[in-house]
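For reference, the structure is listed below as structure tokens.
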Protein chains: 2
Amino acid sequence: MKKTDELKAWKKTAEHFENIKNLKLKEIFHYDEDRFERFHIELEGLIFDYSKNIFNYDTLAYLLELAQNRKLEFGIRDYFAGAHLNHTEARPVLHTALRAGLGKGELIVDNKDVGETVAASLAAMKSFTDNIHNGLYKGYTGKTINHIVNIGIGGSDLGPRMVSRALRPFAPSGMKITYISNIDPSDIRKTLAEIDLEKTIFIICSKTFTTQETLANAKTAKSWLEINVAPDAVNKHFVAVTNNTDQAVRFGISEQNIFGFENWVGGRFSLWSSVGLSVALYLGWDNFQSLLEGARLADEHFKNTPLVSNIPVIMGLMGIWYRNFFGYSSHAVIPYSEDLNLMPQYLQQLDMESNGKLTDSEGRHISYETVPTVFGASGTNAQHSFFQYLHQGSEPIPVDFIVGVISNSVGPGENQHDILVANCLAQSEALMLGLTSEEAKANMVAEGLDENEITRLLPFKTFPGNRPSNTFLIPQINPKYLGMLLAFYEHKAFVQGWIWYINSFDQYGVELGKKLAKGILADIGKQKVGKHDASTTGLLGHYLNNRA
Amino acid sequence: MKKTDELKAWKKTAEHFENIKNLKLKEIFHYDEDRFERFHIELEGLIFDYSKNIFNYDTLAYLLELAQNRKLEFGIRDYFAGAHLNHTEARPVLHTALRAGLGKGELIVDNKDVGETVAASLAAMKSFTDNIHNGLYKGYTGKTINHIVNIGIGGSDLGPRMVSRALRPFAPSGMKITYISNIDPSDIRKTLAEIDLEKTIFIICSKTFTTQETLANAKTAKSWLEINVAPDAVNKHFVAVTNNTDQAVRFGISEQNIFGFENWVGGRFSLWSSVGLSVALYLGWDNFQSLLEGARLADEHFKNTPLVSNIPVIMGLMGIWYRNFFGYSSHAVIPYSEDLNLMPQYLQQLDMESNGKLTDSEGRHISYETVPTVFGASGTNAQHSFFQYLHQGSEPIPVDFIVGVISNSVGPGENQHDILVANCLAQSEALMLGLTSEEAKANMVAEGLDENEITRLLPFKTFPGNRPSNTFLIPQINPKYLGMLLAFYEHKAFVQGWIWYINSFDQYGVELGKKLAKGILADIGKQKVGKHDASTTGLLGHYLNNRA
């Protein structure tokens with residue numbers, strides 16, 4: 001197949017870019033009062049507004065042609081149908097099946113009934129969750145469990161951690177959750193020193209049950225429990241989420257406390273599987289169910305909606321437009337919600353691990369840019385941090401704004417949610433409008449500055465504007481809409497990977513570091529620096545000479 | 001003065017870049033066993049290794065010439081001497097004076113004795129801190145204070161928040177701290193619902209005492225305290241850090257509980273001033289003192305060391321080399337320390353708010369790139385998230401690695417710190433070395449893969465390598481070394497801003513959004529959409545029709 005930048009539509013888009021690259025959003029809006037009407041999509045009361053992007057109908061046509069050149073519609077069909085899209089690892093990619101509510105026989109993949117497998121896994125999770133919540137499942141000393149400690153890393157940590165943080169207002173009162181991921185011992189030690197072990201359940205979350213960090217932390221927690229509660233307390237206080245049952249049993253976890261998942265669930269897409277057990281235990285089954293249901297609604301939309309009014313397709317295409325044609329290198333995500341403060345980190349993994357690739361699906365080196373740097377922080381906090389860079393930095397950074405119509409919490413501070421929303425809308429407005437020299441001057445005159453001051457300050461008080469953004473205006477940041485939102489972003493990553501013609505579902509880029517770490521750890525064990533470059537030798541030597 | 005890209009050294013550096021842009025680090029190291037010796041700097045036992053950058057002696061010479069063309073040495077002198085480097089706001093930039101231990105008469109700026117001012121401010125902070133810690137200062141109902149709640153945003157939040165998190169192992173047992181910043185009411189409500197008000201002190205941290213978020217949260221906390229403790233409990237439980245004493249008094253804070261700071265302390269550089277009160281209260285005075293002392297040692301180094309062996313100068317120049325000559329658009333910071341997990345966010349503000357500018361110091365539009373996107377997360381977590389992108393993404397991202405020789409915590413999990421360090425060193429090694437097709441093939445042969453499989457997978461299992469990094473190997477992440485590290489980054493931002501010829505100390509880019517937010521909030525108050533573009537009108541209309 002052709003490389004993406006050899007496709008006809010790519011070249012046409014590039015030519016089109018030359019013609020409209022100086023388009024000014026402010027002017028377009030000035031002459032088009034219906035632009036919002038035309039360029040927003042509503043789904044279940046959720047609004048996705050992409051009208052503040054630098055494009056016109058022609059752009060959309062070229063980008064859609066690009067998607068068609070790459071046969072995106074077939075890609076979407078194959079994605080849901082369980083084709084081996086993860087071709088390097090020879091696996092289907094079926095996280096969508098985890099939330100599809102498939103009946104028996106509805107989807108057979110590699111001779112297995114996917115619906116049946118998923119239903120069994122959900123039933124096991126539900127039963128365990130209900131037993132924790134209704135108090136039937138008790139700890140070793142007979143106490144009810146009210147603290148979940150999830151030990152995992154990467155996909156076995158970030159997704160569930162972010163969702164638990166985001167939906168904290170929905171957790172039953174008294175239920176607590178802690179996520180431990182880092183090999184840095186301070187992460188686990190702090191937790192162990194503070195928790196009530198008798199009321200705690202540890203979830204060891206590792207597909208292979210061999211992840212270095214997770215196993216080290218699990219062993220540390222296990223010895224602590226053995227010493228402080230009882231040598232045989234492990235089988236009451238440990239649960240495993242893994243495909244490696246043997247290893248988990250050898251670790252001491254009782255077989256009925258082991259939850260498996262399929263190899264067609266990639267780590268960064270796994271929060272919908274039993275990897276989400278911590279979320280279910282923390283929030284209760286109904287909330288976890290609503291999360292799945294929200295994602296399913298987004299899946300249906302993605303699968304069944306024409307590309308031109310398909311939210312993840314538009315998200316993906318706009319990203320490609322900026323990355324490959326404007327050449328913008330970063331993309332910011334700013335949720336105006338303190339509860340969503342981990343979402344940017346989650347999306348860093350989702351986007352950058354999926355599409356941080358430079359080899360195309362036929363093994364050819366890629367000559368165009370792939371995924372940009374994704375970063376962000378919660379608004380309004382970020383306004384007081386790096387928004388200077390968004391408004392007046394040398395390179396424009398497209399932004400996704402996310403905000404909920406209804407606040408999740410009641411209590412004092414009643415009008416604060418209005419202020420939050422006002423700030424969110426004002427930022428996309430400000431980025432787009434900018435401030436001309438004349439406007440800045442008029443402002444300063446109004447403030448009563450004298451002419452010298454105005455002349456001196458004017459260049460610093462103007463804003464280039466024309467900086468694009470999307471806005472998600474969401475009825476409420478609740479399980480259902482969070483599920484939808486996350487599924488949109490998963491599919492956006494899919495769309496981009498498909499068009500860049502890369503495998504979004506492997507991650508070979510992390511292997512080399514793992515391998516070299518083993519070598520260095522062996523050196524540390526031997527107290528002797530092996531063969532390395534002079535820098536590594538120097539640093540390692542210094543460590544060996546100075547460590548405790 | 002000349003624009004930076006018109007300087008002679010800039011052009012020479014650009015020519016030099018063309019000659020060496022294909023330099024391979026691996027080969028340089030192969031032929032140079034002393035590269036680490038030559039290209040690392042040691043200060044107080046801290047190692048800054050910059051040998052894994054793509055440069056040679058000539059590069060260093062050109063970059064230093066660039067610094068000299070821009071008269072960096074004079075800049076550094078003026079910076080410490082209190083010249084009005086923040087020229088747009090007509091102010092000196094003297095956060096370094098906060099930790100200099102200046103004697104009376106040593107530094108007179110704008111007719112004021114800076115040393116005296118700082119000493120008085122520190123004495124007030126020390127006395128208050130000691131009184132909280134020795135229990136002399138009590139709450140309204142006579143209880144000892146053990147919970148600090150800092151209400152601030154941006155510079156009045158991120159720095160102290162990050163330091164408190166980083167140095168948590170040094171806090172006296174039983175002392176707790178919470179930072180509230182977001183206008184999102186869920187931020188403050190969660191805290192108010194959980195704290196023991198009688199043992200809590202609120203610090204309201206706002207230079208002007210008018211910051212929208214901070215004042216809204218402060219009012220919410222105040223009413224809560226009045227209802228739940230007593231109408232006149234405020235003067236015992238509230239402290240202000242502000243320059244606007246009148247406003248703070250009007251709010252109800254007693255005058256002896258108000259801590260001022262000078263207008264030559266910029267928000268993002270303010271953690272060393274009374275803005276750091278939350279840190280002092282949480283960690284105790286000796287630890288806060290050590291933090292200042294560490295920063296002072298870094299200041300002395302920066303002020304007195306020749307440019308070629310000056311840590312912040314090298315950091316700054318390498319950043320410029322990648323941003324302006326290689327054209328790399330992002331910079332990652334990966335602290336291998338869970339306690340430093342907020343440091344990347346802190347550096348986002350420090351770098352991106354300081355140098356996210358496109359107007360030079362003479363008001364001319366800048367035609368070269370300024371600050372890159374700064375992002376990061378703690379290692380090893382980040383390895384399981386976006387490291388795929390660092391290893392095999394389409395654009396190289398220079399990385400700063402940070403790791404401590406001695407762990408901060410004792411407890412179970414003894415060898416975990418060795419694993420942490422091994423991973424850190426392995427990553428910089430892996431990014432630099434990459435993996436050639438031959439090496440990848442040999443690995444797969446060793447794993448027993450058949451020839452077809454090897455051919456199929458080979459392109460995906462190779463790594464381009466030659467990806468640069470710095471490594472900070474620090475004796476321990478303790479108050480002293482954290483102070484040094486943060487001061488290095490402050491000065492790095494200074495060096496870059498100086499060479500880009502921008503004012504790193506203002507932040508006009510945040511004003512427009514604030515202004516527009518007021519307009520939108522007024523619309524919400526009136527339940528009527530005013531005059532906006534179609535997108536803002538559409539979104540705001542939807543909000544007004546659907547909010548609670």
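Quick note on naming: the chains in the structure tokens go A, B, ... in the order shown, residues restart at 1 in each chain, and ligands are numbered from 1 in order of appearance.
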What lies within 12 Å of A:Ala193 using only C-alpha atoms, ignoring chain neighbours under 6 positions off, as a PDB file with C-alpha atoms, in the first residue's frame?
ATOM      1  CA  SER A 186       8.568   5.649  48.973  1.00  0.00           C
ATOM      2  CA  ASP A 187       5.375   5.008  47.029  1.00  0.00           C
ATOM      3  CA  ALA A 221       3.014  -5.470  50.696  1.00  0.00           C
ATOM      4  CA  TRP A 224       4.132  -6.429  55.570  1.00  0.00           C
ATOM      5  CA  LEU A 225       0.745  -8.120  55.796  1.00  0.00           C
ATOM      6  CA  ASN A 228       1.475  -7.322  60.808  1.00  0.00           C
TER       7      ASN A 228
ATOM      8  CA  PRO B 169       9.353  12.413  54.298  1.00  0.00           C
ATOM      9  CA  SER B 173       4.783  13.121  62.098  1.00  0.00           C
ATOM     10  CA  SER B 409      12.516   6.453  53.136  1.00  0.00           C
ATOM     11  CA  VAL B 410      13.313   3.384  55.114  1.00  0.00           C
ATOM     12  CA  GLY B 411      11.009   0.459  55.486  1.00  0.00           C
ATOM     13  CA  PRO B 412      10.134  -2.683  53.584  1.00  0.00           C
TER      14      PRO B 412
END
Using only C-alpha atoms, what table do you get, as CSV, when you list each residue of chain A with an atom no more than 6 Å from chain B, its nearest pair of atoms, and their distance in Å rounded to one decimal, rows by chain then rising number?
residue,atom,partner,partner_atom,distance
A:Glu33,CA,B:Ala534,CA,5.5
A:Phe36,CA,B:Ser535,CA,4.8
A:Gly154,CA,B:His384,CA,4.4
A:Asn182,CA,B:Asn381,CA,5.6
A:Ile183,CA,B:Gln416,CA,5.9
A:Asp184,CA,B:His417,CA,5.8
A:Pro185,CA,B:Gln416,CA,5.6
A:Ser186,CA,B:Ser409,CA,5.8
A:Thr220,CA,B:Gly413,CA,5.1
A:Gln349,CA,B:Ser385,CA,4.5
A:Met352,CA,B:Phe386,CA,5.4
A:Glu353,CA,B:Gln388,CA,5.1
A:Gly356,CA,B:Gly393,CA,4.1
A:Lys357,CA,B:Gly393,CA,4.7
A:Leu358,CA,B:Ser394,CA,5.2
A:Gly363,CA,B:Pro459,CA,5.2
A:Glu369,CA,B:Ser394,CA,5.5
A:Thr370,CA,B:Ser394,CA,5.8
A:Thr380,CA,B:Asn182,CA,5.8
A:Asn381,CA,B:Asn182,CA,5.6
A:His384,CA,B:Gly154,CA,4.4
A:Ser385,CA,B:Gln349,CA,4.5
A:Phe386,CA,B:Gln349,CA,5.0
A:Gln388,CA,B:Gly509,CA,4.5
A:Tyr389,CA,B:Gly356,CA,4.1
A:His391,CA,B:Gly509,CA,5.5
A:Gln392,CA,B:Lys357,CA,5.1
A:Gly393,CA,B:Gly356,CA,4.1
A:Ser394,CA,B:Leu358,CA,5.2
A:Val405,CA,B:Arg547,CA,5.6
A:Ile406,CA,B:Arg547,CA,5.7
A:Ser409,CA,B:Ser186,CA,5.8
A:Pro412,CA,B:Thr220,CA,5.9
A:Gly413,CA,B:Thr220,CA,5.1
A:Gln416,CA,B:Pro185,CA,5.6
A:His417,CA,B:Asp184,CA,5.8
A:Leu420,CA,B:Asp184,CA,5.8
A:Ala422,CA,B:Ala517,CA,5.3
A:Asn423,CA,B:Ala517,CA,4.9
A:Ala426,CA,B:Ala517,CA,4.8
A:Gln427,CA,B:Gly513,CA,5.2
A:Ala430,CA,B:Gly513,CA,5.4
A:Pro459,CA,B:Gly363,CA,5.2
A:Gly509,CA,B:Gln388,CA,4.5
A:Val510,CA,B:Gln388,CA,5.5
A:Gly513,CA,B:Gln427,CA,5.2
A:Leu516,CA,B:Ala426,CA,5.3
A:Ala517,CA,B:Ala426,CA,4.8
A:Ile520,CA,B:Ala422,CA,5.4
A:Leu521,CA,B:Ala422,CA,5.3
A:Ala534,CA,B:Phe36,CA,5.5
A:Ser535,CA,B:Phe36,CA,4.8
A:Arg547,CA,B:Val405,CA,5.6
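Across the model, the gap from atom CA of B:Tyr501 to atom CA of B:Ser270 is 22.9 Å.
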Exercise for review: For stretch 287-304 of chain A, work out the shell of residues within 6 Å, counting only C-alpha atoms and skipping chain neighbours fewer than 2 positions away, then give it as a PyMOL selection string.
Suggested key: chain A and resi 99-100+280+283-285+479-481+483-484+487
Exercise for review: Please run DSSP on the backbone and report, as a PyMOL selection string, all residues within stretch 285-501 of chain B that come out as helix (DSSP H, G or I).
Suggested key: chain B and resi 285-304+307-309+311-326+338-340+343-355+381-384+387-392+416-433+437-446+451-460+479-500
Point to revise | Spatial neighbours of B:Ala9, 6 Å, only C-alpha atoms, chain gap at least 2 places, as a PyMOL selection string | key: chain B and resi 7+11-13+65-66
So that I have them on file, write out the residues from the current selection with N, CA and C atoms, as a PDB file, in the first residue's frame.
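Written output follows (again-v7.pdb):
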ATOM      1  N   LEU B   7      22.470  37.928  15.403  1.00  0.00           N
ATOM      2  CA  LEU B   7      23.803  37.955  16.015  1.00  0.00           C
ATOM      3  C   LEU B   7      24.757  37.090  15.198  1.00  0.00           C
ATOM      4  N   LYS B  11      24.412  32.906  13.594  1.00  0.00           N
ATOM      5  CA  LYS B  11      24.642  32.427  12.229  1.00  0.00           C
ATOM      6  C   LYS B  11      25.749  31.383  12.189  1.00  0.00           C
ATOM      7  N   LYS B  12      26.807  31.624  12.962  1.00  0.00           N
ATOM      8  CA  LYS B  12      27.888  30.641  13.005  1.00  0.00           C
ATOM      9  C   LYS B  12      27.380  29.314  13.583  1.00  0.00           C
ATOM     10  N   THR B  13      26.537  29.420  14.610  1.00  0.00           N
ATOM     11  CA  THR B  13      26.002  28.189  15.217  1.00  0.00           C
ATOM     12  C   THR B  13      25.145  27.440  14.203  1.00  0.00           C
ATOM     13  N   GLU B  65      29.734  31.603  22.603  1.00  0.00           N
ATOM     14  CA  GLU B  65      29.898  32.870  21.892  1.00  0.00           C
ATOM     15  C   GLU B  65      28.538  33.567  21.752  1.00  0.00           C
ATOM     16  N   LEU B  66      27.515  32.760  21.497  1.00  0.00           N
ATOM     17  CA  LEU B  66      26.163  33.307  21.425  1.00  0.00           C
ATOM     18  C   LEU B  66      25.800  33.989  22.754  1.00  0.00           C
TER      19      LEU B  66
END
